[in-house]
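S.K.: Quick one: the structure is below, and I'll ask about it shortly.
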Amino acid sequence: MKNRAIGVLDSGVGGLTVARELMRQLPHEQIIYVGDTLRCPYGPRPEDEIREFTWEMIDFLVAADVKLIVIACNTATAVVLKEARAKLDIPVIGVIDPGARAAVKVTRSKKIGVIGTKMTVESNSYVRSLKHVEGQIEVRSLACPPFVPLVESGQIEGDYVERVVRSTLAPLIGQPMDTLILGCTHYPILAPVIGKVMGPDIKLISSGDETALEAAALLDYSDMEAERLDVPEHDFHATGDVEAFDRIASDWLGRTVRAKRLKLGKEGDVNAFR
Ligand code: DGL
C-alpha cells in the first residue's frame with residue numbers, strides 16, 4: 001500500500017523538472033511518469049481539450065494504482081486541479097501554489113514576473129495564488145508560446161535559442177521585478193538562457209523544489225511514505241516519439257531512461273494497467 005507509486009503527469013517532458021526534485025527529495029518513492037508528447041503543447045489549446053487530455057492521463061495513473069498524483073504541468077493545474085481534487089479519492093498536487101509560495105519566499109521588492117503558457121497566463125491562476133500568499137505583490141505576466149516547442153525538440157542552448165528567448169521576453173526585460181516565476185514546467189530546462197537574458201539581478205523560480213516539499217509533507221502527514229530502503233526503478237510513458245523523450249529525460253535526470261509508448265485518447269487505450 002505505502003509502496004504504491006507517485007503519478008506525475010505533464011503535456012510532455014516539462015514535468016521531468018518536477019520529477020527530478022521528487023527523486024532527489026523522496027529517493028525511495030517510485031514514480032510513474034506520463035508525458036503526452038504527441039499532443040504537446042497544451043498551452044494554446046482550448047480549455048475543454050486540455051481538460052479531456054489531462055483526464056486521460058489521470059485515468060491512466062489511477063488505473064496504475066498510484067497513491068498520489070502530481071500534476072506537473074501549470075496549464076493542466078490551472079484547468080483541472082480543483083475538479084481532480086474533488087473527484088479522486090487519492091491526493092492531488094498541482095504546481096501553481098508551490099511556485100507562488102517559492103517566489104514569495106525570495107522576493108524583496110514584492111514585484112514578481114510570471115512567464116507561462118497562454119492558458120496559464122490567461123487563467124490568472126498565478127496572480128490569484130501570489131496575492132493569496134502576499135496581498136502586496138505586484139505581478140507582470142507574459143505568455144511565451146515559442147518556449148515549449150524549443151524544449152520538446154531538444155533545442156535548449158545556442159544562438160538561435162537565445163535570440164528566440166530574448167525576443168519573447170523583451171516586454172519583461174528591464175521591468176521592475178526581482179523575481180521571475182518559470183510558470184511552465186518546461187521552462188527550467190531553458191533556465192540558463194532565460195537567466196542570461198534577464199540578467200543576474202532576477203531570481204528565477206521553478207516550482208519543482210517546493211512541489212516536492214509539498215509531496216513529502218503530504219506523504220508524511222498521511223503516513224503513506226514508501227517503506228523500501230532501496231531506490232526503485234521508475235516507469236516512464238510518452239505518447240509521442242519515445243526516443244526523443246528518452247534523450248531529453250536521460251540528459252535531464254542524469255540516468256538512462258527508456259520510456260514506453262502509450263496510446264491515449266482517439267489513438268488508443270488507457271487500459272494498460274487495468
Ligand atoms: N509544461 C506545461 C506547463 O507547465 C505545459 C506546456 C504546454 O504543453 O504548453 O504549463
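In the C-alpha cells, the first chain shown is A, the next is B, and so on; residue numbers restart at 1 for each chain, and ligands run from 1 in the order shown.
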For ligand 1, collect every residue having any atom at a distance of at most 7 Å from a ligand atom (counting only C-alpha atoms and all ligand atoms); output as a PyMOL selection string.
M.R.: chain A and resi 10-12+14-15+40-44+72-76+116-117+120+148+183-186
S.K.: Set the distance at 8 Å and use only C-alpha atoms: which residues neighbour Val164 of chain A once local chain neighbours fewer than 4 positions away are removed? I'd like the list as a compact mmCIF listing (two decimals) with C-alpha atoms, in the first residue's frame.
M.R.:
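The file below, around.txt, is the result:
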```txt
# COMPACT_ATOMS: atom_id res chain seq x y z
CA PRO A 146 7.75 29.59 -28.52
CA TYR A 160 19.10 30.65 -32.20
CA THR A 168 9.97 36.63 -26.48
```
S.K.: Give the helix (DSSP H, G or I) residues of segment 83-138 of chain A, as DSSP finds them on the backbone, and put them as an MDAnalysis selection string.
M.R.: chainID A and resid 83:87 96:106 118:123 125:133
S.K.: Applying 12 Å and only C-alpha atoms, which residues near Gly174 of chain A remain after dropping the ones on its own chain fewer than 3 positions away? List them as JSON, numbers by chain.
M.R.: {"A": [113, 140, 169, 170, 171, 177, 178, 197, 198, 199, 200, 201, 202]}
S.K.: Could you write out that same residue set with N, CA and C atoms as an mmCIF file, in the first residue's frame?
M.R.:
```cif
data_model
loop_
_atom_site.group_PDB
_atom_site.id
_atom_site.type_symbol
_atom_site.label_atom_id
_atom_site.label_comp_id
_atom_site.auth_asym_id
_atom_site.auth_seq_id
_atom_site.Cartn_x
_atom_site.Cartn_y
_atom_site.Cartn_z
ATOM 1 N N GLY A 113 7.618 38.713 -11.763
ATOM 2 C CA GLY A 113 7.192 38.401 -13.118
ATOM 3 C C GLY A 113 6.771 36.935 -13.182
ATOM 4 N N ARG A 140 3.659 40.976 -13.060
ATOM 5 C CA ARG A 140 3.665 41.201 -14.518
ATOM 6 C C ARG A 140 3.736 39.835 -15.175
ATOM 7 N N LEU A 169 11.006 37.455 -24.448
ATOM 8 C CA LEU A 169 10.995 38.068 -23.108
ATOM 9 C C LEU A 169 11.133 39.598 -23.155
ATOM 10 N N ALA A 170 11.282 40.157 -24.371
ATOM 11 C CA ALA A 170 11.527 41.605 -24.492
ATOM 12 C C ALA A 170 10.564 42.459 -23.641
ATOM 13 N N PRO A 171 9.251 42.150 -23.619
ATOM 14 C CA PRO A 171 8.349 43.007 -22.828
ATOM 15 C C PRO A 171 8.658 43.018 -21.327
ATOM 16 N N MET A 177 11.197 44.288 -11.298
ATOM 17 C CA MET A 177 10.904 42.991 -10.643
ATOM 18 C C MET A 177 12.235 42.423 -10.174
ATOM 19 N N ASP A 178 12.203 41.610 -9.151
ATOM 20 C CA ASP A 178 13.446 40.964 -8.720
ATOM 21 C C ASP A 178 13.358 39.445 -8.818
ATOM 22 N N VAL A 197 19.451 36.094 -20.365
ATOM 23 C CA VAL A 197 18.694 37.169 -20.996
ATOM 24 C C VAL A 197 18.131 38.148 -19.954
ATOM 25 N N MET A 198 17.654 37.637 -18.850
ATOM 26 C CA MET A 198 17.030 38.506 -17.833
ATOM 27 C C MET A 198 18.060 39.222 -16.966
ATOM 28 N N GLY A 199 19.261 38.658 -16.880
ATOM 29 C CA GLY A 199 20.317 39.303 -16.086
ATOM 30 C C GLY A 199 20.418 38.728 -14.683
ATOM 31 N N PRO A 200 21.579 38.971 -14.057
ATOM 32 C CA PRO A 200 21.884 38.309 -12.783
ATOM 33 C C PRO A 200 21.058 38.813 -11.599
ATOM 34 N N ASP A 201 20.386 39.959 -11.756
ATOM 35 C CA ASP A 201 19.633 40.501 -10.606
ATOM 36 C C ASP A 201 18.260 39.854 -10.446
ATOM 37 N N ILE A 202 17.838 39.069 -11.436
ATOM 38 C CA ILE A 202 16.493 38.481 -11.376
ATOM 39 C C ILE A 202 16.610 37.022 -10.932
#
```
S.K.: Which segment 12-107 of chain A residues have any atom within 9 Å of an atom of segment 212-234 of chain A, and for each, what is the nearest pair of atoms with distance in Å to one decimal, counting only C-alpha atoms, rows sorted by chain and number, as JSON lines?
M.R.:
```
{"residue": "A:Val18", "atom": "CA", "partner": "A:Ala212", "partner_atom": "CA", "distance": 7.2}
{"residue": "A:Ala19", "atom": "CA", "partner": "A:Ala212", "partner_atom": "CA", "distance": 8.3}
{"residue": "A:Glu21", "atom": "CA", "partner": "A:Ala212", "partner_atom": "CA", "distance": 6.0}
{"residue": "A:Leu22", "atom": "CA", "partner": "A:Ala212", "partner_atom": "CA", "distance": 5.0}
{"residue": "A:Met23", "atom": "CA", "partner": "A:Ala212", "partner_atom": "CA", "distance": 8.6}
{"residue": "A:Arg24", "atom": "CA", "partner": "A:Ala212", "partner_atom": "CA", "distance": 8.7}
{"residue": "A:Gln25", "atom": "CA", "partner": "A:Ala212", "partner_atom": "CA", "distance": 6.7}
{"residue": "A:Leu26", "atom": "CA", "partner": "A:Ala216", "partner_atom": "CA", "distance": 6.9}
{"residue": "A:Pro27", "atom": "CA", "partner": "A:Val231", "partner_atom": "CA", "distance": 5.9}
{"residue": "A:His28", "atom": "CA", "partner": "A:Val231", "partner_atom": "CA", "distance": 5.0}
{"residue": "A:Glu29", "atom": "CA", "partner": "A:Ala226", "partner_atom": "CA", "distance": 5.8}
{"residue": "A:Gln30", "atom": "CA", "partner": "A:Pro232", "partner_atom": "CA", "distance": 5.5}
{"residue": "A:Ile31", "atom": "CA", "partner": "A:His234", "partner_atom": "CA", "distance": 5.1}
{"residue": "A:Ile32", "atom": "CA", "partner": "A:His234", "partner_atom": "CA", "distance": 6.1}
{"residue": "A:Tyr33", "atom": "CA", "partner": "A:His234", "partner_atom": "CA", "distance": 7.9}
{"residue": "A:Lys67", "atom": "CA", "partner": "A:Met224", "partner_atom": "CA", "distance": 8.0}
{"residue": "A:Leu68", "atom": "CA", "partner": "A:Ala215", "partner_atom": "CA", "distance": 8.3}
{"residue": "A:Val70", "atom": "CA", "partner": "A:Ala215", "partner_atom": "CA", "distance": 8.1}
{"residue": "A:Pro91", "atom": "CA", "partner": "A:Leu218", "partner_atom": "CA", "distance": 8.4}
{"residue": "A:Ile93", "atom": "CA", "partner": "A:Ala215", "partner_atom": "CA", "distance": 7.3}
{"residue": "A:Pro98", "atom": "CA", "partner": "A:Glu214", "partner_atom": "CA", "distance": 7.6}
```
S.K.: Mind giving me the straight-line distance from atom CA of Arg258 of chain A to atom CA of Asp246 of chain A in Å, one decimal?
M.R.: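 Between atom CA of Arg258 of chain A and atom CA of Asp246 of chain A the gap is 5.7 Å.
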S.K.: Near Glu210 of chain A, counting only C-alpha atoms, which residues have an atom at most 8 Å away, once you skip same-chain residues fewer than 6 positions from it, shown as a PDB file with C-alpha atoms, in the first residue's frame?
M.R.:
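To be explicit, this is the file written out as out.pdb:
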```pdb
ATOM      1  CA  PRO A  98       4.057  25.801  -4.764  1.00  0.00           C
ATOM      2  CA  GLY A  99       5.599  28.079  -7.436  1.00  0.00           C
ATOM      3  CA  ARG A 101       4.954  30.223  -2.430  1.00  0.00           C
ATOM      4  CA  ALA A 102       8.559  29.773  -3.549  1.00  0.00           C
TER       5      ALA A 102
END
```
S.K.: Skipping near chain neighbours, those fewer than 5 positions away, what residues fall within 7 Å of Ser206 of chain A using only C-alpha atoms, listed as an NGL selection string?
M.R.: :A and (99 or 181-182 or 188)
S.K.: Nearest residue to Arg20 of chain A out of A:Ala259, A:Ile189, A:Ala244, A:Ile156, using only C-alpha atoms?
M.R.: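 Checking each candidate against Arg20 of chain A, we get A:Ile189 as the closest.
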S.K.: Quick check for you: according to DSSP on this backbone, which residues of segment 132-219 of chain A are classed as strand (DSSP E or B)? Reply as a list in words.
M.R.: Glu138, Val139, Arg140, Ser141, Leu142, Ala143, Thr179, Leu180, Ile181, Leu182, Lys203, Leu204 and Ile205 of chain A
S.K.: Just all heavy atoms for this one: save the residues we selected as an mmCIF file, in the first residue's frame.
M.R.:
```cif
data_model
loop_
_atom_site.group_PDB
_atom_site.id
_atom_site.type_symbol
_atom_site.label_atom_id
_atom_site.label_comp_id
_atom_site.auth_asym_id
_atom_site.auth_seq_id
_atom_site.Cartn_x
_atom_site.Cartn_y
_atom_site.Cartn_z
ATOM 1 N N GLU A 138 3.044 42.778 -6.635
ATOM 2 C CA GLU A 138 2.708 43.301 -7.970
ATOM 3 C C GLU A 138 3.190 42.279 -9.002
ATOM 4 O O GLU A 138 4.338 41.826 -8.920
ATOM 5 C CB GLU A 138 3.521 44.566 -8.217
ATOM 6 C CG GLU A 138 2.710 45.831 -8.255
ATOM 7 C CD GLU A 138 3.645 47.008 -8.487
ATOM 8 O OE1 GLU A 138 4.337 47.042 -9.517
ATOM 9 O OE2 GLU A 138 3.670 47.874 -7.588
ATOM 10 N N VAL A 139 2.314 41.929 -9.931
ATOM 11 C CA VAL A 139 2.655 40.845 -10.863
ATOM 12 C C VAL A 139 2.633 41.336 -12.314
ATOM 13 O O VAL A 139 1.698 42.026 -12.724
ATOM 14 C CB VAL A 139 1.642 39.676 -10.739
ATOM 15 C CG1 VAL A 139 2.121 38.475 -11.538
ATOM 16 C CG2 VAL A 139 1.419 39.281 -9.284
ATOM 17 N N ARG A 140 3.659 40.976 -13.060
ATOM 18 C CA ARG A 140 3.665 41.201 -14.518
ATOM 19 C C ARG A 140 3.736 39.835 -15.175
ATOM 20 O O ARG A 140 4.663 39.066 -14.901
ATOM 21 C CB ARG A 140 4.912 41.977 -14.937
ATOM 22 C CG ARG A 140 4.829 43.422 -14.637
ATOM 23 C CD ARG A 140 6.028 44.191 -15.220
ATOM 24 N NE ARG A 140 5.741 45.598 -15.162
ATOM 25 C CZ ARG A 140 5.670 46.292 -14.025
ATOM 26 N NH1 ARG A 140 5.872 45.705 -12.860
ATOM 27 N NH2 ARG A 140 5.373 47.573 -14.044
ATOM 28 N N SER A 141 2.762 39.520 -16.036
ATOM 29 C CA SER A 141 2.722 38.177 -16.638
ATOM 30 C C SER A 141 2.965 38.250 -18.135
ATOM 31 O O SER A 141 2.580 39.230 -18.785
ATOM 32 C CB SER A 141 1.346 37.537 -16.425
ATOM 33 O OG SER A 141 0.981 37.590 -15.079
ATOM 34 N N LEU A 142 3.546 37.205 -18.654
ATOM 35 C CA LEU A 142 3.791 37.144 -20.098
ATOM 36 C C LEU A 142 3.684 35.702 -20.584
ATOM 37 O O LEU A 142 4.303 34.799 -20.004
ATOM 38 C CB LEU A 142 5.207 37.688 -20.405
ATOM 39 C CG LEU A 142 5.627 37.689 -21.868
ATOM 40 C CD1 LEU A 142 4.850 38.750 -22.669
ATOM 41 C CD2 LEU A 142 7.144 37.946 -22.001
ATOM 42 N N ALA A 143 2.909 35.493 -21.638
ATOM 43 C CA ALA A 143 2.845 34.159 -22.261
ATOM 44 C C ALA A 143 4.034 34.015 -23.218
ATOM 45 O O ALA A 143 4.373 34.960 -23.935
ATOM 46 C CB ALA A 143 1.536 33.992 -23.013
ATOM 47 N N THR A 179 12.175 38.947 -9.216
ATOM 48 C CA THR A 179 11.929 37.501 -9.206
ATOM 49 C C THR A 179 11.093 37.155 -10.433
ATOM 50 O O THR A 179 10.145 37.884 -10.754
ATOM 51 C CB THR A 179 11.136 37.131 -7.925
ATOM 52 O OG1 THR A 179 11.872 37.609 -6.798
ATOM 53 C CG2 THR A 179 10.917 35.649 -7.791
ATOM 54 N N LEU A 180 11.444 36.078 -11.106
ATOM 55 C CA LEU A 180 10.662 35.644 -12.268
ATOM 56 C C LEU A 180 10.265 34.192 -12.071
ATOM 57 O O LEU A 180 11.127 33.307 -11.930
ATOM 58 C CB LEU A 180 11.496 35.786 -13.554
ATOM 59 C CG LEU A 180 10.797 35.353 -14.844
ATOM 60 C CD1 LEU A 180 9.612 36.267 -15.178
ATOM 61 C CD2 LEU A 180 11.782 35.341 -16.018
ATOM 62 N N ILE A 181 8.957 33.943 -12.044
ATOM 63 C CA ILE A 181 8.474 32.565 -11.907
ATOM 64 C C ILE A 181 8.463 31.883 -13.273
ATOM 65 O O ILE A 181 7.848 32.398 -14.217
ATOM 66 C CB ILE A 181 7.040 32.539 -11.317
ATOM 67 C CG1 ILE A 181 7.013 33.168 -9.924
ATOM 68 C CG2 ILE A 181 6.503 31.110 -11.284
ATOM 69 C CD1 ILE A 181 5.630 33.213 -9.292
ATOM 70 N N LEU A 182 9.142 30.755 -13.357
ATOM 71 C CA LEU A 182 9.087 29.953 -14.577
ATOM 72 C C LEU A 182 7.796 29.138 -14.471
ATOM 73 O O LEU A 182 7.786 28.020 -13.963
ATOM 74 C CB LEU A 182 10.336 29.068 -14.686
ATOM 75 C CG LEU A 182 11.674 29.821 -14.581
ATOM 76 C CD1 LEU A 182 12.847 28.851 -14.697
ATOM 77 C CD2 LEU A 182 11.782 30.925 -15.628
ATOM 78 N N LYS A 203 15.938 36.696 -9.846
ATOM 79 C CA LYS A 203 15.967 35.302 -9.378
ATOM 80 C C LYS A 203 14.917 34.490 -10.128
ATOM 81 O O LYS A 203 13.760 34.920 -10.231
ATOM 82 C CB LYS A 203 15.662 35.260 -7.877
ATOM 83 C CG LYS A 203 16.784 35.819 -7.045
ATOM 84 C CD LYS A 203 16.397 35.776 -5.581
ATOM 85 C CE LYS A 203 16.916 36.978 -4.835
ATOM 86 N NZ LYS A 203 16.109 38.193 -4.932
ATOM 87 N N LEU A 204 15.323 33.357 -10.628
ATOM 88 C CA LEU A 204 14.386 32.502 -11.370
ATOM 89 C C LEU A 204 13.818 31.447 -10.424
ATOM 90 O O LEU A 204 14.557 30.787 -9.699
ATOM 91 C CB LEU A 204 15.098 31.810 -12.533
ATOM 92 C CG LEU A 204 15.790 32.707 -13.561
ATOM 93 C CD1 LEU A 204 16.352 31.858 -14.705
ATOM 94 C CD2 LEU A 204 14.854 33.777 -14.110
ATOM 95 N N ILE A 205 12.512 31.284 -10.467
ATOM 96 C CA ILE A 205 11.847 30.337 -9.570
ATOM 97 C C ILE A 205 11.213 29.206 -10.371
ATOM 98 O O ILE A 205 10.387 29.444 -11.258
ATOM 99 C CB ILE A 205 10.713 31.047 -8.777
ATOM 100 C CG1 ILE A 205 11.266 32.226 -7.976
ATOM 101 C CG2 ILE A 205 9.969 30.051 -7.902
ATOM 102 C CD1 ILE A 205 12.222 31.832 -6.874
#
```
S.K.: Of the candidates A:Val104, A:Leu16, A:Leu172, A:Met57, which shows the shortest atom-to-atom distance to Tyr187 of chain A, using only C-alpha atoms?
M.R.: A:Leu16
S.K.: Would you please work out which residue, of A:Thr256, A:Asn3, A:Gln155, A:Gln136, is nearest to Val66 of chain A when using only C-alpha atoms?
M.R.: A:Asn3
S.K.: Skipping near chain neighbours, those fewer than 6 positions away, what residues fall within 9 Å of Val79 of chain A using only C-alpha atoms, listed as a ChimeraX atom specification?
M.R.: /A:47-48,50-51,54,119-120,123
S.K.: Give me the residues within 7 Å of His237 of chain A as a compact mmCIF listing (two decimals) with N, CA, C and O atoms, in the first residue's frame, counting only C-alpha atoms and dropping any in the same chain fewer than 5 places off.
M.R.:
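Final output, around21.txt:
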```
# COMPACT_ATOMS: atom_id res chain seq x y z
N TYR A 33 5.65 8.17 -14.60
CA TYR A 33 5.59 9.45 -15.32
C TYR A 33 4.83 9.29 -16.63
O TYR A 33 5.09 8.35 -17.38
N VAL A 34 3.93 10.22 -16.91
CA VAL A 34 3.26 10.24 -18.21
C VAL A 34 3.46 11.59 -18.86
O VAL A 34 3.15 12.63 -18.27
N GLY A 35 3.96 11.58 -20.08
CA GLY A 35 4.10 12.81 -20.86
C GLY A 35 3.34 12.67 -22.16
O GLY A 35 3.60 11.74 -22.94
N ALA A 259 11.50 5.01 -22.07
CA ALA A 259 10.05 5.18 -21.89
C ALA A 259 9.28 4.16 -22.72
O ALA A 259 9.78 3.65 -23.73
N LYS A 260 8.06 3.89 -22.26
CA LYS A 260 7.18 3.02 -23.05
C LYS A 260 6.24 3.92 -23.84
O LYS A 260 5.86 4.98 -23.37
N ARG A 261 5.86 3.46 -25.01
CA ARG A 261 4.94 4.24 -25.86
C ARG A 261 3.53 4.00 -25.36
O ARG A 261 3.08 2.85 -25.24
N LEU A 262 2.83 5.08 -25.05
CA LEU A 262 1.47 4.99 -24.51
C LEU A 262 0.48 5.57 -25.52
O LEU A 262 0.74 6.62 -26.11
```
S.K.: Between A:Asp65, A:Ile6, A:Thr77, A:Gly154, which has the minimum distance to Asn124 of chain A (counting only C-alpha atoms)?
M.R.: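 Nearest to Asn124 of chain A: A:Thr77.
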S.K.: Using only C-alpha atoms, pick whichever of A:Asp97, A:Val151, A:Val106, A:Asp59 has the shortest atom-to-atom distance to Val127 of chain A.
M.R.: A:Asp97
S.K.: Interatomic distance between atom CA of Ala78 of chain A and atom CA of Ser125 of chain A?
M.R.: 6.2 Å
